[in-house]
Amino acid sequence: MRFLQNAGGPLRRALPRAHLSAAGTTSTKVFKRFAFAGRPEKVEQKLNQARALPTTPARTRFAPSPTGYLHLGSLRTALFNYLLAKATGGQFLLRLEDTDQTRIVSDAEQRLYEDMKWAGLQWDEGPDIGGEFGPYKQSDRLPIYRQHVKELLEQDKAYRCFCSPERLDEIKKLAMANGEDMTGYDGHCSHIPVPESERRAASGEAHCVRFKTHGSNFKPLFSDLVYGAYKPPPGSVDDFIIMKRDGFPTYHFANVVDDHLMEITHVIRGAEWLVSTPRHIGLYNAFGWKSPTFAHVGLLTDQNKQKLSKRHGDIDIVSYRNKGYLPEGLLNYVVLLGWSPGKGTKGTSEVMDLQQMIEKFHLRFTRGDIRVSNKLDFLNNKHKSKFLAQSPEDLQAQVVPPLSLAIRNLEKERAHLSAGSPQLSEDIDNNDNTAATLGPLVPAMAPAADANADPNYNAIYIGQVFALDQKTYVNAASYVRRNRYLFWTVPTALYRQTLLDALRELRHLFVRTPAAAAADQSVEHTDTEMDAASIAQLFADALRDIPADEASWTKERLEEALNPLIKSIFAVRQEAQEPWGFHMLRWFLCALQPGPALVPSMVVLGKEETMGRIQRAIDSIA
Ligand code: GLU
């Protein structure tokens with residue numbers, strides 16, 4: 001595997017202009033790995049036929065290694081395989097490829113199940129649910145691999161290699177020092193006579209088993225659904241290991257044995273596996289098995305055409321979930337990375353739920369690297385609107401935990417700042433100064449006493465705030481920022497500052513009494529000019545008598561009490577007057593920050609908090 005990594009992926013290795021032919025003469029033929037242009041029409045036609053959906057049920061699998069978490073690229077692989085199985089009435093399998101025991105991440109398996117379930121990609125057979133072709137975890141299949149290695153040894157298609165790791169390192173270094181592309185195994189142990197090999201193995205000498213790739217048996221050519229005819233670059237396939245010294249099979253071997261025994265018909269996977277496929281084909285041939293149909297889908301790159309790597313925490317699926325994206329939105333986003341429901345489909349016609357994706361699925365993938373798009377927010381929003389119309393409670397249940405998380409992040413930052421510490425902890429994902437504009441959390445955010453409740457905050461209250469402004473929801477962090485003053489109080493200094501900023505352009509505020517309004521008298525002469533504090537006081541007076549209980553502190557009662565007042569407040573800008581009642585309300589409720597409708601917000605904030613805000617606003621300019 002190591003030299004494959006050095007090569008930097010299938011699409012990046014330089015194409016050799018010439019190479020030594022078997023006879024030792026220099027061939028001038030340019031080796032075309034991917035005939036992107038000018039592919040003969042017949043070949044293209046054949047490929048197109050193959051790209052139609054199979055007419056028989058496809059058995060597909062998603063075969064992650066538990067060495068990390070699900071990320072964008074692997075979710076896309078899982079989704080494509082899922083869609084193919086479902087579109088043809090076949091089965092979608094989950095197989096855990098845990099042969100590299102040294103790299104296992106302890107909670108990766110559990111997280112895989114959770115993330116796949118969250119995404120809605122339910123498997124038909126798998127390690128946790130079993131199935132006819134199990135076990136589905138490779139570490140539980142070791143006797144099967146041993147049996148198959150034995151078969152190849154007996155047929156002289158594989159041999160034991162007793163080379164020490166030090167020797168292998170040395171030959172690799174030497175090859176690199178000589179500038180050779182090929183740094184694989186030199187075939188040293190392939191010459192050991194079988195009886196000697198048997199004897200050494202029986203005496204317990206450490207060894208691995210390698211597959212014989214030299215000789216006429218090895219025909220690695222295959223036709224990929226995406227890339228067409230594919231032949232490994234000359235010298236790129238060495239006698240690779242199929243069974244490691246620790247008795248575990250390698251990925252290549254276990255993968256082939258399992259795909260065969262599990263009757264996998266189609267393998268859709270990332271293009272990083274394209275260079276490995278000739279080895280797999282070699283193994284299928286050696287066993288006399290028919291290989292599945294392969295489709296290698298383009299690698300995901302960022303906007304700068306750099307490969308997206310697992311190291312970017314942001315592409316871990318959980319980070320999307322925590323940000324409050326919906327699984328439907330995320331699946332819709334990834335399905336469009338290298339696939340499209342139809343030529344030229346754009347915009348809303350790209351919005352699909354899982355069922356619609358199944359109905360539209362085909363195998364015509366985009367060839368070459370895929371730059372990730374910026375459609376996620378757009379698509380997520382479309383799915384959110386659909387949810388809102390169909391099942392708002394489900395949406396709320398999905399969105400409250402990420403909102404709670406986003407609040408916690410911002411609250412951590414606010415607490416740091418208010419403790420006078422400029423040092424932010426690393427897990428705070430924030431790059432604006434929102435936290436600096438927040439007072440303490442509103443009392444209603446305090447967690448409920450109930451043992452099942454969110455230990456951090458009051459989830460019911462968060463749900464109520466979500467219901468207020470759900471139409472604008474794109475993701476949890478942006479929602480929390482926009483509606484910050486429904487979660488946090490407004491710092492007193494901000495009242496003063498925002499009012500002064502707003503008043504700077506105004507000549508004055510005044511209340512136009514209903515009597516004056518009815519008589520349509522000139523404002524300047526009849527209305528009472530008042531300062532903001534006393535206008536705010538009028539709001540407090542209008543609300544004072546409404547009881548605080550839920551049945552009384554309602555939208556209707558508040559509107560009834562406030563509407564005449566709101567309508568009577570004006571500001572004068574130059575010579576023109578403009579209504580200013582709602583601005584006043586917005587000022588003391590949320591320091592003039594844009595947000596959802598004000599009276600419903602007051603209902604959610606409750607009487608105590610609303611009255612407190614009016615008072616604090618008055619105090620700020622007193
Ligand atoms: N275990 C491999 C991975 O982690 C599977 C590759 C394949 O699909 O063959 O991606």
# chains A, B, ... in the order shown; residues from 1 in each chain; ligands from 1
>>> residues_around(residues="Met262 of chain A", least_positions_apart="4", cutoff="8 Å", atoms="only C-alpha atoms", output="VMD selection string")
chain A and resid 133 to 134 258
>>> write_last_selection(atoms="C-alpha atoms", output="mmCIF file, in the first residue's frame")
data_model
loop_
_atom_site.group_PDB
_atom_site.id
_atom_site.type_symbol
_atom_site.label_atom_id
_atom_site.label_comp_id
_atom_site.auth_asym_id
_atom_site.auth_seq_id
_atom_site.Cartn_x
_atom_site.Cartn_y
_atom_site.Cartn_z
ATOM 1 C CA PHE A 133 -23.549 -14.182 4.110
ATOM 2 C CA GLY A 134 -22.035 -13.287 7.485
ATOM 3 C CA ASP A 258 -15.606 -11.114 0.750
#
>>> residues_around(residues="Phe539 of chain A", least_positions_apart="3", cutoff="8 Å", atoms="only C-alpha atoms", output="list in words")
Ile535, Ala536, Ala542, Leu543, Leu562, Leu565 and Ile614 of chain A
>>> write_last_selection(atoms="N, CA, C and O atoms", output="PDB file, in the first residue's frame")
ATOM      1  N   ILE A 535     -40.820  57.230  26.400  1.00  0.00           N
ATOM      2  CA  ILE A 535     -41.638  56.414  25.480  1.00  0.00           C
ATOM      3  C   ILE A 535     -41.585  54.953  25.911  1.00  0.00           C
ATOM      4  O   ILE A 535     -42.605  54.261  25.975  1.00  0.00           O
ATOM      5  N   ALA A 536     -40.412  54.505  26.273  1.00  0.00           N
ATOM      6  CA  ALA A 536     -40.287  53.127  26.743  1.00  0.00           C
ATOM      7  C   ALA A 536     -41.162  52.912  27.971  1.00  0.00           C
ATOM      8  O   ALA A 536     -41.787  51.854  28.136  1.00  0.00           O
ATOM      9  N   ALA A 542     -48.317  50.187  29.539  1.00  0.00           N
ATOM     10  CA  ALA A 542     -49.365  49.492  28.779  1.00  0.00           C
ATOM     11  C   ALA A 542     -49.409  48.006  29.109  1.00  0.00           C
ATOM     12  O   ALA A 542     -50.445  47.361  29.000  1.00  0.00           O
ATOM     13  N   LEU A 543     -48.271  47.469  29.505  1.00  0.00           N
ATOM     14  CA  LEU A 543     -48.196  46.022  29.733  1.00  0.00           C
ATOM     15  C   LEU A 543     -48.396  45.618  31.194  1.00  0.00           C
ATOM     16  O   LEU A 543     -48.670  44.461  31.487  1.00  0.00           O
ATOM     17  N   LEU A 562     -50.775  47.010  22.979  1.00  0.00           N
ATOM     18  CA  LEU A 562     -49.659  47.780  22.419  1.00  0.00           C
ATOM     19  C   LEU A 562     -49.962  48.482  21.100  1.00  0.00           C
ATOM     20  O   LEU A 562     -49.346  49.505  20.791  1.00  0.00           O
ATOM     21  N   LEU A 565     -50.449  52.243  20.907  1.00  0.00           N
ATOM     22  CA  LEU A 565     -49.217  52.929  21.302  1.00  0.00           C
ATOM     23  C   LEU A 565     -48.179  52.867  20.180  1.00  0.00           C
ATOM     24  O   LEU A 565     -47.572  53.874  19.801  1.00  0.00           O
ATOM     25  N   ILE A 614     -37.452  46.279  29.276  1.00  0.00           N
ATOM     26  CA  ILE A 614     -37.870  47.680  29.135  1.00  0.00           C
ATOM     27  C   ILE A 614     -37.163  48.512  30.218  1.00  0.00           C
ATOM     28  O   ILE A 614     -36.601  49.576  29.944  1.00  0.00           O
TER      29      ILE A 614
END
>>> residues_around(residues="segment 224-231 of chain A", least_positions_apart="4", cutoff="7 Å", atoms="only C-alpha atoms", output="ChimeraX atom specification")
/A:33-34,47,50-51,220,294-297,365,367
>>> closest_atom_pairs(of="chain A", to="ligand 1", cutoff="8 Å", atoms="only C-alpha atoms and all ligand atoms", output="Markdown table")
| residue | atom | partner | partner_atom_place_in_ligand_line | distance |
| --- | --- | --- | --- | --- |
| A:Arg61 | CA | ligand 1 | 8 (O) | 7.7 |
| A:Phe62 | CA | ligand 1 | 8 (O) | 6.4 |
| A:Ala63 | CA | ligand 1 | 5 (C) | 4.8 |
| A:Pro64 | CA | ligand 1 | 4 (O) | 4.1 |
| A:Ser65 | CA | ligand 1 | 4 (O) | 4.3 |
| A:Pro66 | CA | ligand 1 | 4 (O) | 7.7 |
| A:Thr67 | CA | ligand 1 | 4 (O) | 8.0 |
| A:Ser74 | CA | ligand 1 | 10 (O) | 7.3 |
| A:Leu96 | CA | ligand 1 | 1 (N) | 7.4 |
| A:Glu97 | CA | ligand 1 | 1 (N) | 5.0 |
| A:Asp98 | CA | ligand 1 | 1 (N) | 7.8 |
| A:Tyr251 | CA | ligand 1 | 1 (N) | 6.7 |
| A:His252 | CA | ligand 1 | 9 (O) | 7.9 |
| A:Asn255 | CA | ligand 1 | 9 (O) | 6.2 |
| A:Val267 | CA | ligand 1 | 8 (O) | 6.7 |
| A:Ile268 | CA | ligand 1 | 8 (O) | 6.9 |
| A:Arg269 | CA | ligand 1 | 8 (O) | 5.0 |
| A:Gly270 | CA | ligand 1 | 8 (O) | 7.4 |
| A:Trp273 | CA | ligand 1 | 6 (C) | 6.7 |
>>> write_last_selection(atoms="all heavy atoms", output="short mmCIF file (atom, residue, chain, number, x, y, z; two decimals), in the first residue's frame")
data_model
loop_
_atom_site.label_atom_id
_atom_site.label_comp_id
_atom_site.auth_asym_id
_atom_site.auth_seq_id
_atom_site.Cartn_x
_atom_site.Cartn_y
_atom_site.Cartn_z
N ARG A 61 -22.29 -3.03 -1.46
CA ARG A 61 -21.85 -2.96 -0.05
C ARG A 61 -21.14 -1.64 0.19
O ARG A 61 -20.60 -1.00 -0.72
CB ARG A 61 -20.96 -4.14 0.30
CG ARG A 61 -19.80 -4.52 -0.64
CD ARG A 61 -18.87 -3.46 -0.97
NE ARG A 61 -17.64 -3.87 -1.61
CZ ARG A 61 -16.59 -3.05 -1.71
NH1 ARG A 61 -16.67 -1.80 -1.29
NH2 ARG A 61 -15.49 -3.45 -2.30
N PHE A 62 -21.18 -1.26 1.46
CA PHE A 62 -20.35 -0.16 1.92
C PHE A 62 -19.39 -0.82 2.89
O PHE A 62 -19.83 -1.54 3.79
CB PHE A 62 -21.21 0.91 2.60
CG PHE A 62 -20.42 2.04 3.19
CD1 PHE A 62 -19.43 2.67 2.46
CD2 PHE A 62 -20.68 2.48 4.49
CE1 PHE A 62 -18.70 3.72 3.01
CE2 PHE A 62 -19.96 3.52 5.04
CZ PHE A 62 -18.97 4.14 4.30
N ALA A 63 -18.09 -0.62 2.66
CA ALA A 63 -17.10 -1.42 3.40
C ALA A 63 -16.06 -0.53 4.09
O ALA A 63 -14.88 -0.58 3.75
CB ALA A 63 -16.43 -2.40 2.43
N PRO A 64 -16.48 0.27 5.04
CA PRO A 64 -15.51 1.16 5.67
C PRO A 64 -14.57 0.44 6.64
O PRO A 64 -14.91 -0.63 7.14
CB PRO A 64 -16.40 2.14 6.44
CG PRO A 64 -17.60 1.34 6.78
CD PRO A 64 -17.81 0.37 5.65
N SER A 65 -13.44 1.05 6.86
CA SER A 65 -12.54 0.55 7.89
C SER A 65 -12.79 1.40 9.13
O SER A 65 -12.94 2.61 9.01
CB SER A 65 -11.09 0.74 7.45
OG SER A 65 -10.90 0.08 6.23
N PRO A 66 -12.82 0.77 10.30
CA PRO A 66 -13.11 1.57 11.50
C PRO A 66 -11.88 2.33 11.98
O PRO A 66 -11.53 2.29 13.15
CB PRO A 66 -13.56 0.51 12.51
CG PRO A 66 -12.88 -0.74 12.06
CD PRO A 66 -12.68 -0.66 10.59
N THR A 67 -11.25 3.01 11.05
CA THR A 67 -10.03 3.77 11.41
C THR A 67 -10.34 5.25 11.51
O THR A 67 -9.45 6.07 11.68
CB THR A 67 -8.95 3.56 10.33
OG1 THR A 67 -9.54 3.86 9.06
CG2 THR A 67 -8.45 2.14 10.31
N SER A 74 -17.04 9.33 2.20
CA SER A 74 -17.53 7.97 2.47
C SER A 74 -19.05 7.94 2.54
O SER A 74 -19.67 6.95 2.16
CB SER A 74 -16.89 7.37 3.72
OG SER A 74 -16.85 8.27 4.77
N LEU A 96 -17.57 -4.41 7.76
CA LEU A 96 -16.53 -3.70 8.49
C LEU A 96 -15.17 -4.27 8.13
O LEU A 96 -14.89 -5.44 8.40
CB LEU A 96 -16.80 -3.86 9.99
CG LEU A 96 -16.44 -2.66 10.82
CD1 LEU A 96 -17.24 -1.44 10.39
CD2 LEU A 96 -16.70 -2.96 12.29
N GLU A 97 -14.32 -3.45 7.54
CA GLU A 97 -13.01 -3.93 7.10
C GLU A 97 -11.97 -3.56 8.15
O GLU A 97 -11.29 -2.54 8.04
CB GLU A 97 -12.70 -3.36 5.71
CG GLU A 97 -13.77 -3.78 4.69
CD GLU A 97 -13.29 -3.87 3.27
OE1 GLU A 97 -12.40 -3.08 2.89
OE2 GLU A 97 -13.80 -4.72 2.52
N ASP A 98 -11.88 -4.40 9.15
CA ASP A 98 -11.03 -4.08 10.30
C ASP A 98 -9.79 -4.94 10.36
O ASP A 98 -9.39 -5.41 11.42
CB ASP A 98 -11.85 -4.22 11.60
CG ASP A 98 -12.40 -5.63 11.78
OD1 ASP A 98 -12.38 -6.41 10.79
OD2 ASP A 98 -12.82 -5.97 12.90
N TYR A 251 -6.08 -5.69 3.12
CA TYR A 251 -7.32 -5.14 2.58
C TYR A 251 -7.64 -5.78 1.23
O TYR A 251 -8.76 -6.24 0.99
CB TYR A 251 -7.20 -3.61 2.44
CG TYR A 251 -8.04 -3.06 1.32
CD1 TYR A 251 -9.44 -2.99 1.43
CD2 TYR A 251 -7.46 -2.65 0.11
CE1 TYR A 251 -10.22 -2.54 0.39
CE2 TYR A 251 -8.24 -2.19 -0.92
CZ TYR A 251 -9.62 -2.13 -0.79
OH TYR A 251 -10.40 -1.69 -1.82
N HIS A 252 -6.64 -5.80 0.33
CA HIS A 252 -6.88 -6.30 -1.03
C HIS A 252 -7.47 -7.70 -1.02
O HIS A 252 -8.43 -8.00 -1.72
CB HIS A 252 -5.56 -6.36 -1.82
CG HIS A 252 -4.88 -5.04 -1.93
ND1 HIS A 252 -5.43 -3.97 -2.58
CD2 HIS A 252 -3.69 -4.61 -1.45
CE1 HIS A 252 -4.61 -2.94 -2.51
NE2 HIS A 252 -3.55 -3.31 -1.82
N ASN A 255 -10.95 -8.05 0.88
CA ASN A 255 -11.96 -7.35 0.10
C ASN A 255 -12.46 -8.20 -1.06
O ASN A 255 -13.67 -8.31 -1.32
CB ASN A 255 -11.30 -6.05 -0.39
CG ASN A 255 -12.25 -5.11 -1.07
OD1 ASN A 255 -12.46 -5.23 -2.26
ND2 ASN A 255 -12.84 -4.19 -0.32
N VAL A 267 -19.44 -2.62 -7.34
CA VAL A 267 -18.66 -1.91 -6.32
C VAL A 267 -18.51 -0.46 -6.78
O VAL A 267 -17.90 -0.19 -7.82
CB VAL A 267 -17.26 -2.55 -6.16
CG1 VAL A 267 -16.36 -1.67 -5.29
CG2 VAL A 267 -17.38 -3.95 -5.57
N ILE A 268 -19.11 0.43 -6.02
CA ILE A 268 -18.90 1.86 -6.31
C ILE A 268 -18.02 2.37 -5.18
O ILE A 268 -18.34 2.18 -4.00
CB ILE A 268 -20.23 2.65 -6.32
CG1 ILE A 268 -21.22 2.00 -7.29
CG2 ILE A 268 -19.98 4.11 -6.69
CD1 ILE A 268 -22.62 2.63 -7.28
N ARG A 269 -16.89 2.93 -5.52
CA ARG A 269 -15.99 3.42 -4.47
C ARG A 269 -15.16 4.57 -5.01
O ARG A 269 -15.17 4.87 -6.20
CB ARG A 269 -15.10 2.29 -3.93
CG ARG A 269 -14.21 1.68 -4.96
CD ARG A 269 -13.47 0.46 -4.39
NE ARG A 269 -12.71 -0.23 -5.41
CZ ARG A 269 -12.20 -1.44 -5.26
NH1 ARG A 269 -12.38 -2.11 -4.14
NH2 ARG A 269 -11.52 -2.00 -6.23
N GLY A 270 -14.43 5.21 -4.10
CA GLY A 270 -13.64 6.38 -4.47
C GLY A 270 -12.53 6.04 -5.44
O GLY A 270 -12.00 4.93 -5.43
N TRP A 273 -9.14 4.09 -5.07
CA TRP A 273 -8.98 2.63 -5.12
C TRP A 273 -8.76 2.11 -6.54
O TRP A 273 -8.56 0.92 -6.74
CB TRP A 273 -10.20 1.93 -4.50
CG TRP A 273 -10.37 2.30 -3.06
CD1 TRP A 273 -11.33 3.12 -2.54
CD2 TRP A 273 -9.53 1.92 -1.97
NE1 TRP A 273 -11.15 3.26 -1.19
CE2 TRP A 273 -10.05 2.53 -0.81
CE3 TRP A 273 -8.38 1.12 -1.85
CZ2 TRP A 273 -9.47 2.37 0.45
CZ3 TRP A 273 -7.82 0.96 -0.60
CH2 TRP A 273 -8.36 1.58 0.53
#
>>> residues_around(residues="Pro54 of chain A", least_positions_apart="4", cutoff="10 Å", atoms="only C-alpha atoms", output="PyMOL selection string")
chain A and resi 49-50+58+84-85+87-88+265-266+362-363
>>> write_last_selection(atoms="N, CA, C and O atoms", output="PDB file, in the first residue's frame")
ATOM      1  N   GLN A  49     -23.966   1.541 -22.354  1.00  0.00           N
ATOM      2  CA  GLN A  49     -24.892   0.434 -22.078  1.00  0.00           C
ATOM      3  C   GLN A  49     -24.684  -0.080 -20.667  1.00  0.00           C
ATOM      4  O   GLN A  49     -25.627  -0.311 -19.919  1.00  0.00           O
ATOM      5  N   ALA A  50     -23.415  -0.205 -20.317  1.00  0.00           N
ATOM      6  CA  ALA A  50     -23.105  -0.730 -18.985  1.00  0.00           C
ATOM      7  C   ALA A  50     -23.569   0.223 -17.895  1.00  0.00           C
ATOM      8  O   ALA A  50     -23.823  -0.182 -16.771  1.00  0.00           O
ATOM      9  N   ALA A  58     -29.185  -5.651  -7.818  1.00  0.00           N
ATOM     10  CA  ALA A  58     -27.751  -5.496  -7.519  1.00  0.00           C
ATOM     11  C   ALA A  58     -27.527  -5.722  -6.027  1.00  0.00           C
ATOM     12  O   ALA A  58     -28.329  -5.304  -5.200  1.00  0.00           O
ATOM     13  N   LEU A  84     -28.045   2.257  -5.690  1.00  0.00           N
ATOM     14  CA  LEU A  84     -28.015   1.226  -6.738  1.00  0.00           C
ATOM     15  C   LEU A  84     -28.790  -0.015  -6.268  1.00  0.00           C
ATOM     16  O   LEU A  84     -29.591  -0.585  -7.022  1.00  0.00           O
ATOM     17  N   ALA A  85     -28.551  -0.421  -5.028  1.00  0.00           N
ATOM     18  CA  ALA A  85     -29.261  -1.602  -4.519  1.00  0.00           C
ATOM     19  C   ALA A  85     -30.764  -1.359  -4.507  1.00  0.00           C
ATOM     20  O   ALA A  85     -31.554  -2.179  -4.967  1.00  0.00           O
ATOM     21  N   ALA A  87     -32.537   0.894  -6.130  1.00  0.00           N
ATOM     22  CA  ALA A  87     -33.135   1.169  -7.443  1.00  0.00           C
ATOM     23  C   ALA A  87     -33.362  -0.107  -8.238  1.00  0.00           C
ATOM     24  O   ALA A  87     -34.143  -0.129  -9.187  1.00  0.00           O
ATOM     25  N   THR A  88     -32.659  -1.182  -7.859  1.00  0.00           N
ATOM     26  CA  THR A  88     -32.798  -2.421  -8.624  1.00  0.00           C
ATOM     27  C   THR A  88     -33.478  -3.520  -7.810  1.00  0.00           C
ATOM     28  O   THR A  88     -33.488  -4.681  -8.217  1.00  0.00           O
ATOM     29  N   THR A 265     -22.393  -7.613  -6.593  1.00  0.00           N
ATOM     30  CA  THR A 265     -22.419  -7.499  -8.061  1.00  0.00           C
ATOM     31  C   THR A 265     -21.772  -6.199  -8.551  1.00  0.00           C
ATOM     32  O   THR A 265     -21.248  -6.143  -9.651  1.00  0.00           O
ATOM     33  N   HIS A 266     -21.866  -5.148  -7.728  1.00  0.00           N
ATOM     34  CA  HIS A 266     -21.337  -3.838  -8.139  1.00  0.00           C
ATOM     35  C   HIS A 266     -20.575  -3.196  -6.989  1.00  0.00           C
ATOM     36  O   HIS A 266     -21.044  -3.237  -5.850  1.00  0.00           O
ATOM     37  N   HIS A 362     -28.953   6.388 -11.754  1.00  0.00           N
ATOM     38  CA  HIS A 362     -28.314   5.738 -12.903  1.00  0.00           C
ATOM     39  C   HIS A 362     -26.824   5.682 -12.607  1.00  0.00           C
ATOM     40  O   HIS A 362     -26.380   6.190 -11.561  1.00  0.00           O
ATOM     41  N   LEU A 363     -26.051   5.114 -13.496  1.00  0.00           N
ATOM     42  CA  LEU A 363     -24.621   4.927 -13.199  1.00  0.00           C
ATOM     43  C   LEU A 363     -23.718   5.827 -14.049  1.00  0.00           C
ATOM     44  O   LEU A 363     -22.567   5.495 -14.296  1.00  0.00           O
TER      45      LEU A 363
END
>>> residues_around(residues="Ala436 of chain A", least_positions_apart="3", cutoff="8 Å", atoms="only C-alpha atoms", output="short mmCIF file (atom, residue, chain, number, x, y, z; two decimals) with all heavy atoms, in the first residue's frame")
data_model
loop_
_atom_site.label_atom_id
_atom_site.label_comp_id
_atom_site.auth_asym_id
_atom_site.auth_seq_id
_atom_site.Cartn_x
_atom_site.Cartn_y
_atom_site.Cartn_z
N ARG A 414 -18.74 33.52 25.54
CA ARG A 414 -19.20 34.69 26.31
C ARG A 414 -18.64 34.64 27.73
O ARG A 414 -18.15 35.63 28.26
CB ARG A 414 -20.73 34.71 26.37
CG ARG A 414 -21.28 35.94 27.04
CD ARG A 414 -22.74 35.77 27.42
NE ARG A 414 -22.93 34.83 28.51
CZ ARG A 414 -22.75 35.13 29.80
NH1 ARG A 414 -22.38 36.34 30.15
NH2 ARG A 414 -22.92 34.22 30.74
N LEU A 417 -15.10 35.65 27.81
CA LEU A 417 -14.92 37.10 27.64
C LEU A 417 -15.32 37.83 28.91
O LEU A 417 -14.62 38.73 29.35
CB LEU A 417 -15.76 37.60 26.46
CG LEU A 417 -15.29 37.18 25.07
CD1 LEU A 417 -16.27 37.67 24.03
CD2 LEU A 417 -13.90 37.75 24.80
N ASN A 433 -17.74 38.58 16.55
CA ASN A 433 -17.67 39.03 17.94
C ASN A 433 -19.03 38.97 18.62
O ASN A 433 -19.29 39.73 19.54
CB ASN A 433 -17.07 40.44 18.00
CG ASN A 433 -18.00 41.44 17.36
OD1 ASN A 433 -18.98 41.04 16.72
ND2 ASN A 433 -17.74 42.72 17.55
#
>>> residues_around(residues="Ile569 of chain A", least_positions_apart="3", cutoff="9 Å", atoms="only C-alpha atoms", output="ChimeraX atom specification")
/A:509-513,535,565-566,578-582,584
>>> write_last_selection(atoms="N, CA, C and O atoms", output="mmCIF file, in the first residue's frame")
data_model
loop_
_atom_site.group_PDB
_atom_site.id
_atom_site.type_symbol
_atom_site.label_atom_id
_atom_site.label_comp_id
_atom_site.auth_asym_id
_atom_site.auth_seq_id
_atom_site.Cartn_x
_atom_site.Cartn_y
_atom_site.Cartn_z
ATOM 1 N N LEU A 509 -38.021 62.067 18.563
ATOM 2 C CA LEU A 509 -39.101 61.082 18.653
ATOM 3 C C LEU A 509 -40.295 61.777 19.270
ATOM 4 O O LEU A 509 -40.131 62.686 20.083
ATOM 5 N N PHE A 510 -41.470 61.380 18.880
ATOM 6 C CA PHE A 510 -42.632 61.951 19.554
ATOM 7 C C PHE A 510 -43.790 60.974 19.508
ATOM 8 O O PHE A 510 -43.809 60.046 18.698
ATOM 9 N N VAL A 511 -44.719 61.202 20.376
ATOM 10 C CA VAL A 511 -45.930 60.386 20.386
ATOM 11 C C VAL A 511 -47.060 61.245 19.857
ATOM 12 O O VAL A 511 -47.272 62.370 20.315
ATOM 13 N N ARG A 512 -47.728 60.731 18.883
ATOM 14 C CA ARG A 512 -48.850 61.462 18.318
ATOM 15 C C ARG A 512 -50.109 60.884 18.964
ATOM 16 O O ARG A 512 -50.447 59.720 18.724
ATOM 17 N N THR A 513 -50.745 61.677 19.779
ATOM 18 C CA THR A 513 -51.883 61.154 20.537
ATOM 19 C C THR A 513 -53.013 60.755 19.596
ATOM 20 O O THR A 513 -53.155 61.328 18.519
ATOM 21 N N ILE A 535 -40.820 57.230 26.400
ATOM 22 C CA ILE A 535 -41.638 56.414 25.480
ATOM 23 C C ILE A 535 -41.585 54.953 25.911
ATOM 24 O O ILE A 535 -42.605 54.261 25.975
ATOM 25 N N LEU A 565 -50.449 52.243 20.907
ATOM 26 C CA LEU A 565 -49.217 52.929 21.302
ATOM 27 C C LEU A 565 -48.179 52.867 20.180
ATOM 28 O O LEU A 565 -47.572 53.874 19.801
ATOM 29 N N ILE A 566 -48.016 51.647 19.653
ATOM 30 C CA ILE A 566 -47.023 51.471 18.581
ATOM 31 C C ILE A 566 -47.326 52.424 17.419
ATOM 32 O O ILE A 566 -46.442 53.090 16.882
ATOM 33 N N GLU A 578 -41.621 59.530 10.352
ATOM 34 C CA GLU A 578 -41.760 58.118 10.025
ATOM 35 C C GLU A 578 -42.192 57.357 11.268
ATOM 36 O O GLU A 578 -41.850 57.744 12.387
ATOM 37 N N PRO A 579 -42.971 56.270 11.087
ATOM 38 C CA PRO A 579 -43.409 55.499 12.259
ATOM 39 C C PRO A 579 -42.191 54.919 12.981
ATOM 40 O O PRO A 579 -41.259 54.436 12.336
ATOM 41 N N TRP A 580 -42.245 54.985 14.291
ATOM 42 C CA TRP A 580 -41.086 54.480 15.043
ATOM 43 C C TRP A 580 -41.483 53.550 16.191
ATOM 44 O O TRP A 580 -40.663 53.145 16.996
ATOM 45 N N GLY A 581 -42.758 53.190 16.252
ATOM 46 C CA GLY A 581 -43.225 52.355 17.358
ATOM 47 C C GLY A 581 -42.549 50.989 17.396
ATOM 48 O O GLY A 581 -42.100 50.520 18.444
ATOM 49 N N PHE A 582 -42.480 50.338 16.215
ATOM 50 C CA PHE A 582 -41.861 49.014 16.196
ATOM 51 C C PHE A 582 -40.365 49.083 16.480
ATOM 52 O O PHE A 582 -39.798 48.176 17.075
ATOM 53 N N MET A 584 -39.002 51.170 18.534
ATOM 54 C CA MET A 584 -38.871 51.272 19.992
ATOM 55 C C MET A 584 -38.952 49.875 20.624
ATOM 56 O O MET A 584 -38.157 49.509 21.472
#
>>> residues_around(residues="Leu283 of chain A", least_positions_apart="2", cutoff="9 Å", atoms="only C-alpha atoms", output="VMD selection string")
chain A and resid 211 218 220 252 to 253 256 to 257 278 to 281 285 to 289
>>> select_by_dssp(residues="segment 376-549 of chain A", states="alpha helix (DSSP H)", output="JSON, numbers by chain")
{"A": [376, 377, 378, 379, 380, 381, 382, 383, 384, 385, 386, 387, 388, 389, 390, 392, 393, 394, 395, 396, 397, 398, 399, 400, 401, 402, 403, 404, 405, 406, 407, 408, 409, 410, 411, 412, 413, 414, 415, 416, 417, 418, 459, 460, 461, 462, 463, 464, 465, 466, 467, 468, 469, 476, 477, 478, 479, 480, 481, 482, 484, 485, 486, 487, 492, 493, 494, 495, 496, 497, 498, 499, 500, 501, 502, 503, 514, 515, 516, 517, 518, 523, 524, 525, 526, 532, 533, 534, 535, 536, 537, 538, 539, 540, 541, 542, 543, 544]}
>>> atom_distance(atom1="atom CA of Leu53 of chain A", atom2="atom CA of Leu83 of chain A")
10.7 Å
>>> closest_residue(among="A:Asp377, A:Glu44, A:Leu331, A:Ala119", to="Met357 of chain A", atoms="only C-alpha atoms")
A:Leu331
